[in-house]
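The block underneath contains the structure these notes are about, expressed in structure tokens.
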Amino acid sequence: MRFLHVADVHLDTSFAGRSESVRQRLREASREAFRRAVDLAIREEVHAFLVAGDLFDSDRLSLKTERFMLEQMARLGDHGITVVYATGNHDPGAAPNGPRRLAWPQNVHVVSEATPRRILVADASGDPVGYVTAAGHASAEERADLSRGFPRPSGELPQVALLHTQVHHSLGAHEHHPYAPSELSFLLRSGYDYWALGHVHERQGLSEDPPVTYAGSLQGRSHAERGERGAILVDLSDRDAPAVRFCPLAPVRWETLSTDRLEGVRSLDELLRHLQLAWEGERRREGPSAPVEWMVRVVLSGPSPLWSELRSEEDAEHVGSELREVLGALEVTVSSEHVHPVLALGEYAARIDVLGEALRLCAAMRRGESKLDVTAADFAGIGTDDARSVDAYVRALLEGADGELAARLVETPGT
Ligand SMILES: [Mn+2]
């Protein structure tokens, strides 16, 4: 059995807070990514198209997306491709609109109940090639481990499990609500040839044998969702050697450009040039990738002769709009609250006052010579109580702290 695994499409996300043209482009990009996934499924002559939940962002479904979805599903049907769509917490079965509202064509199986359903997948001539077993979220806050209800598979044909779930300890899991939590150790012992997962938006293989895979969001929706996004193409023709391949599909990509080397940058033109070169350098380092439109966030920090301009919201916005032209990006936002004046830190560190003492303490802690009397319980940001991790965390917090300390404690020129 060959199939395409997509997840977390979140069609009709509102993208509140962005300009109307950017919002429209982002909403269209989610549909475009989905259309590309359908194109790919048809081109690769897969037997099944699996959607691991959160196909829609909410039950407020636009008529444009309704028409679009029915057309795409019909295209898959025309090519004899079976669609299995298991609902997630954003598009649960009980919601009055969303998946329930649509008149799905016959090739589409919407699974929106907790009890797993097994669906036979056949090839173009009608011969069985495998089974997909799926369970869905009936409500927006499913708390049960739905994987426990999956029956033990048997027989000669490949068996795939499809579920929207938060597997404990997966990368980035803490950013998502712990709905339908499950245990990797259980999934591995379950007897399925492949677990097609959704919910955590960061693409990742939790295991290779058998593959337990989050496809990640099909199209990034915020700066938390960087990097290439797309679908997973799977071939289980040889059950002992599953072929799993990521295929980038998202037409819009989100990336962050960070720099703290602004000491020599003295004008708007120099700043634009500096950022352009940094951006081009990063893209070169990454190597060739499919053409995309960019949503860029620029994070500026450290000492800068332009610090007072950059800290003004109006000026930062202006840099963003000029940079959008320079980079040919869809949107550039500039975050610069951590830039500070260029200060002679060496001189301040020698002073006998609060600032001198603080700077010397920072330096000693970075060298590991001095420790704060703190534990993990004193911080919101660490998930461990290991003393070495606490130490590393404190040191990371102190990165760039000298400049900020001095900027706060010294009367700076021009203020
Ligand atoms: Mn999601």
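All residue names refer to the structure tokens as shown: chains lettered A, B, ... in order, residues numbered from 1 in each chain, ligands numbered from 1 in order.
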
What are the closest atom pairs, with distances in Å to one decimal, for all residues of segment 86-157 of chain A lying within 12 Å of segment 195-205 of chain A? Consider only C-alpha atoms, order rows by chain and residue number, and present the result as CSV.
residue,atom,partner,partner_atom,distance
A:Ala86,CA,A:Gly198,CA,9.3
A:Thr87,CA,A:Gly198,CA,9.6
A:Gly88,CA,A:His199,CA,7.3
A:Asn89,CA,A:His199,CA,8.3
A:His90,CA,A:His199,CA,9.5
A:Asp91,CA,A:His199,CA,11.5
A:Val132,CA,A:Ala196,CA,9.7
A:Thr133,CA,A:Trp195,CA,9.7
A:Ala134,CA,A:Ala196,CA,9.4
A:Ala135,CA,A:Leu197,CA,11.1
A:Gly136,CA,A:Gly198,CA,11.0
A:His137,CA,A:His199,CA,11.4
A:Ser147,CA,A:Trp195,CA,10.1
A:Phe150,CA,A:Trp195,CA,11.3

Save out the residues we just selected, C-alpha atoms, as a compact mmCIF listing (two decimals), in the first residue's frame.
# COMPACT_ATOMS: atom_id res chain seq x y z
CA ALA A 86 -9.65 11.40 11.41
CA THR A 87 -10.84 14.52 13.24
CA GLY A 88 -8.74 16.47 15.77
CA ASN A 89 -9.39 18.94 18.57
CA HIS A 90 -9.90 21.85 16.14
CA ASP A 91 -12.45 20.02 13.97
CA VAL A 132 -6.26 2.03 7.71
CA THR A 133 -7.59 2.04 11.27
CA ALA A 134 -8.58 5.48 12.55
CA ALA A 135 -10.12 7.10 15.60
CA GLY A 136 -11.27 10.71 15.85
CA HIS A 137 -11.97 13.41 18.41
CA SER A 147 -4.64 4.64 20.95
CA PHE A 150 -7.00 0.26 18.55

Spatial neighbours of Pro92 of chain A, 9 Å, only C-alpha atoms, chain gap at least 4 places, as a PDB file with N, CA, C and O atoms, in the first residue's frame:
ATOM      1  N   GLY A  53      -6.154  14.819  11.247  1.00  0.00           N
ATOM      2  CA  GLY A  53      -6.831  15.759  12.144  1.00  0.00           C
ATOM      3  C   GLY A  53      -6.478  17.224  11.942  1.00  0.00           C
ATOM      4  O   GLY A  53      -5.481  17.565  11.310  1.00  0.00           O
ATOM      5  N   ASP A  54      -7.353  18.106  12.478  1.00  0.00           N
ATOM      6  CA  ASP A  54      -7.205  19.557  12.316  1.00  0.00           C
ATOM      7  C   ASP A  54      -7.104  19.946  10.837  1.00  0.00           C
ATOM      8  O   ASP A  54      -6.282  20.781  10.465  1.00  0.00           O
ATOM      9  N   SER A  58     -11.421  25.679  12.679  1.00  0.00           N
ATOM     10  CA  SER A  58     -12.555  25.761  13.605  1.00  0.00           C
ATOM     11  C   SER A  58     -13.797  25.345  12.842  1.00  0.00           C
ATOM     12  O   SER A  58     -13.710  24.968  11.680  1.00  0.00           O
ATOM     13  N   ASP A  59     -14.969  25.433  13.490  1.00  0.00           N
ATOM     14  CA  ASP A  59     -16.174  25.053  12.752  1.00  0.00           C
ATOM     15  C   ASP A  59     -16.757  26.220  11.963  1.00  0.00           C
ATOM     16  O   ASP A  59     -17.818  26.113  11.377  1.00  0.00           O
ATOM     17  N   THR A  87     -10.720  13.161  12.720  1.00  0.00           N
ATOM     18  CA  THR A  87     -10.842  14.525  13.238  1.00  0.00           C
ATOM     19  C   THR A  87      -9.914  14.764  14.425  1.00  0.00           C
ATOM     20  O   THR A  87      -9.505  13.844  15.128  1.00  0.00           O
ATOM     21  N   GLY A  88      -9.589  16.063  14.644  1.00  0.00           N
ATOM     22  CA  GLY A  88      -8.740  16.469  15.766  1.00  0.00           C
ATOM     23  C   GLY A  88      -9.474  17.398  16.711  1.00  0.00           C
ATOM     24  O   GLY A  88     -10.704  17.532  16.630  1.00  0.00           O
ATOM     25  N   GLY A  98     -18.112  22.592  10.245  1.00  0.00           N
ATOM     26  CA  GLY A  98     -16.871  21.887   9.952  1.00  0.00           C
ATOM     27  C   GLY A  98     -17.106  20.604   9.188  1.00  0.00           C
ATOM     28  O   GLY A  98     -17.898  20.567   8.243  1.00  0.00           O
ATOM     29  N   PRO A  99     -16.441  19.518   9.584  1.00  0.00           N
ATOM     30  CA  PRO A  99     -16.504  18.280   8.819  1.00  0.00           C
ATOM     31  C   PRO A  99     -17.916  17.720   8.679  1.00  0.00           C
ATOM     32  O   PRO A  99     -18.239  17.069   7.699  1.00  0.00           O
ATOM     33  N   ARG A 100     -18.775  18.026   9.675  1.00  0.00           N
ATOM     34  CA  ARG A 100     -20.127  17.448   9.635  1.00  0.00           C
ATOM     35  C   ARG A 100     -20.995  18.070   8.563  1.00  0.00           C
ATOM     36  O   ARG A 100     -21.941  17.477   8.074  1.00  0.00           O
ATOM     37  N   SER A 112     -14.906  10.425  13.236  1.00  0.00           N
ATOM     38  CA  SER A 112     -14.968  11.456  14.266  1.00  0.00           C
ATOM     39  C   SER A 112     -15.483  10.882  15.581  1.00  0.00           C
ATOM     40  O   SER A 112     -16.034  11.593  16.395  1.00  0.00           O
ATOM     41  N   GLU A 113     -15.272   9.576  15.776  1.00  0.00           N
ATOM     42  CA  GLU A 113     -15.663   8.990  17.055  1.00  0.00           C
ATOM     43  C   GLU A 113     -14.463   8.257  17.654  1.00  0.00           C
ATOM     44  O   GLU A 113     -13.537   7.857  16.940  1.00  0.00           O
ATOM     45  N   GLY A 136     -11.212   9.253  15.927  1.00  0.00           N
ATOM     46  CA  GLY A 136     -11.270  10.712  15.852  1.00  0.00           C
ATOM     47  C   GLY A 136     -11.651  11.340  17.178  1.00  0.00           C
ATOM     48  O   GLY A 136     -12.021  10.651  18.135  1.00  0.00           O
ATOM     49  N   HIS A 137     -11.553  12.670  17.215  1.00  0.00           N
ATOM     50  CA  HIS A 137     -11.971  13.406  18.410  1.00  0.00           C
ATOM     51  C   HIS A 137     -13.446  13.759  18.248  1.00  0.00           C
ATOM     52  O   HIS A 137     -13.826  14.416  17.273  1.00  0.00           O
ATOM     53  N   ALA A 138     -14.249  13.326  19.218  1.00  0.00           N
ATOM     54  CA  ALA A 138     -15.666  13.675  19.172  1.00  0.00           C
ATOM     55  C   ALA A 138     -15.870  15.072  19.745  1.00  0.00           C
ATOM     56  O   ALA A 138     -16.784  15.791  19.353  1.00  0.00           O
ATOM     57  N   SER A 139     -14.987  15.490  20.667  1.00  0.00           N
ATOM     58  CA  SER A 139     -15.130  16.806  21.295  1.00  0.00           C
ATOM     59  C   SER A 139     -13.815  17.564  21.177  1.00  0.00           C
ATOM     60  O   SER A 139     -12.792  17.008  20.795  1.00  0.00           O
ATOM     61  N   ALA A 140     -13.873  18.866  21.518  1.00  0.00           N
ATOM     62  CA  ALA A 140     -12.688  19.715  21.395  1.00  0.00           C
ATOM     63  C   ALA A 140     -11.687  19.476  22.520  1.00  0.00           C
ATOM     64  O   ALA A 140     -10.574  20.001  22.491  1.00  0.00           O
ATOM     65  N   GLU A 141     -12.094  18.710  23.548  1.00  0.00           N
ATOM     66  CA  GLU A 141     -11.174  18.468  24.664  1.00  0.00           C
ATOM     67  C   GLU A 141     -11.138  16.992  25.025  1.00  0.00           C
ATOM     68  O   GLU A 141     -11.504  16.589  26.130  1.00  0.00           O
TER      69      GLU A 141
END

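The shell of residues at most 9 Å from His338 of chain A, with only C-alpha atoms counted and near chain neighbours (fewer than 5 positions) removed, consists of A:Val299, A:Leu300, A:Ser301, A:Gly302, A:Pro303, A:Trp307, A:Arg311, A:Glu404.
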
Problem set entry | Long-range neighbours of Glu399 of chain A as a PyMOL selection string, 9 Å cut-off, only C-alpha atoms, 4 positions minimum in chain | chain A and resi 366+394-395

Residues of the last selection are to be written out with C-alpha atoms, as a PDB file, in the first residue's frame.
ATOM      1  CA  ARG A 366      29.666  32.905  32.972  1.00  0.00           C
ATOM      2  CA  VAL A 394      21.114  30.854  34.085  1.00  0.00           C
ATOM      3  CA  ARG A 395      24.159  31.267  31.865  1.00  0.00           C
TER       4      ARG A 395
END

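Ranking A:Phe379, A:Phe56, A:Phe186, A:Trp279 by their shortest atom-to-atom distance to ligand 1, with only C-alpha atoms and all ligand atoms included, puts A:Phe56 first.
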
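Using only C-alpha atoms and all ligand atoms for every distance, the candidate list A:Leu218, A:Leu63, A:Ala48, A:Ala29 yields A:Leu218 as the residue closest to ligand 1.
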
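Of the listed residues (A:Leu310, A:Leu272, A:Leu249, A:Ala407), A:Leu249 comes nearest to Pro291 of chain A; the distances count only C-alpha atoms.
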
Exercise. So which bits of segment 155-278 of chain A end up alpha helix (DSSP H) when you DSSP the backbone, as number ranges by chain?
Worked result: A: 184-189, 268-278

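The interatomic distance for the pair atom CA of Ala387 of chain A and atom CA of Gly400 of chain A works out to 22.4 Å.
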
Exercise. What is the atom CA of Ala144 of chain A-atom CA of Ala114 of chain A distance in Å, reported with one decimal?
Worked result: 8.8 Å

Exercise. Skipping near chain neighbours, those fewer than 5 positions away, what residues fall within 10 Å of Leu40 of chain A using only C-alpha atoms, listed as a count of residues only?
Worked result: 9

Exercise. When DSSP works through the backbone of this structure, what residues of segment 4-225 of chain A end up as strand (DSSP E), shown as JSON, numbers by chain?
Worked result: {"A": [4, 5, 6, 48, 49, 50, 51, 82, 83, 84, 85, 86, 108, 109, 110, 111, 117, 118, 119, 120, 121, 122, 128, 129, 130, 131, 132, 133, 134, 159, 160, 161, 162, 163, 164, 166, 167, 181, 182, 194, 195, 196, 197, 198, 204, 205, 206, 207, 208, 211, 212, 213, 214]}

Problem set entry | Closest of A:Ala401, A:Ile232, A:Val83, A:Leu187 to Gln106 of chain A - atom-to-atom distances counting only C-alpha atoms | A:Val83

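Among the candidates A:Gly403, A:Pro178, A:Gly346, A:Pro210, the one nearest to ligand 1 when counting only C-alpha atoms and all ligand atoms is A:Pro178.
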
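Going from atom CA of Cys362 of chain A over to atom CA of Val265 of chain A, you cover 26.7 Å.
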
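Remark: for ligand 1, the closest of the candidate residues A:Arg118, A:His47, A:His164, A:Arg148 is A:His164 (distances computed over only C-alpha atoms and all ligand atoms).
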
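Residues with any atom within 8 Å of Ala180 of chain A, counting only C-alpha atoms and excluding same-chain neighbours fewer than 3 positions away, are A:Glu142, A:Arg143, A:Ala144, A:Asp145, A:Leu146, A:His164, A:Thr165, A:Gln166.
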
Writing out the chosen residues with N, CA and C atoms as an mmCIF file, in the first residue's frame:
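Below is the file part32.cif, written as the result:
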data_model
loop_
_atom_site.group_PDB
_atom_site.id
_atom_site.type_symbol
_atom_site.label_atom_id
_atom_site.label_comp_id
_atom_site.auth_asym_id
_atom_site.auth_seq_id
_atom_site.Cartn_x
_atom_site.Cartn_y
_atom_site.Cartn_z
ATOM 1 N N GLU A 142 -10.717 16.201 24.077
ATOM 2 C CA GLU A 142 -10.640 14.755 24.286
ATOM 3 C C GLU A 142 -9.483 14.443 25.247
ATOM 4 N N ARG A 143 -9.810 13.815 26.375
ATOM 5 C CA ARG A 143 -8.769 13.561 27.384
ATOM 6 C C ARG A 143 -8.292 12.111 27.395
ATOM 7 N N ALA A 144 -9.020 11.219 26.729
ATOM 8 C CA ALA A 144 -8.673 9.789 26.807
ATOM 9 C C ALA A 144 -7.538 9.444 25.852
ATOM 10 N N ASP A 145 -6.797 8.396 26.195
ATOM 11 C CA ASP A 145 -5.765 7.869 25.303
ATOM 12 C C ASP A 145 -6.470 6.983 24.265
ATOM 13 N N LEU A 146 -6.751 7.568 23.098
ATOM 14 C CA LEU A 146 -7.532 6.854 22.078
ATOM 15 C C LEU A 146 -6.765 5.671 21.484
ATOM 16 N N HIS A 164 -5.014 11.692 15.736
ATOM 17 C CA HIS A 164 -4.606 13.022 16.204
ATOM 18 C C HIS A 164 -4.333 12.876 17.696
ATOM 19 N N THR A 165 -3.081 12.965 18.097
ATOM 20 C CA THR A 165 -2.731 12.641 19.486
ATOM 21 C C THR A 165 -1.497 13.391 19.933
ATOM 22 N N GLN A 166 -1.392 13.607 21.235
ATOM 23 C CA GLN A 166 -0.149 14.143 21.764
ATOM 24 C C GLN A 166 0.638 13.014 22.401
#

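Residues in contact with Val296 of chain A at up to 10 Å, not including ones fewer than 3 positions away on its chain and judged by only C-alpha atoms, are His223, Arg226, Arg253, Trp254, Glu255, Thr256, Leu257, Trp279, Glu293, Val299, Gly320, Leu323, Arg324, Leu327, Ala329, Leu330, Glu331, Val332, Thr333 and Val334 of chain A.
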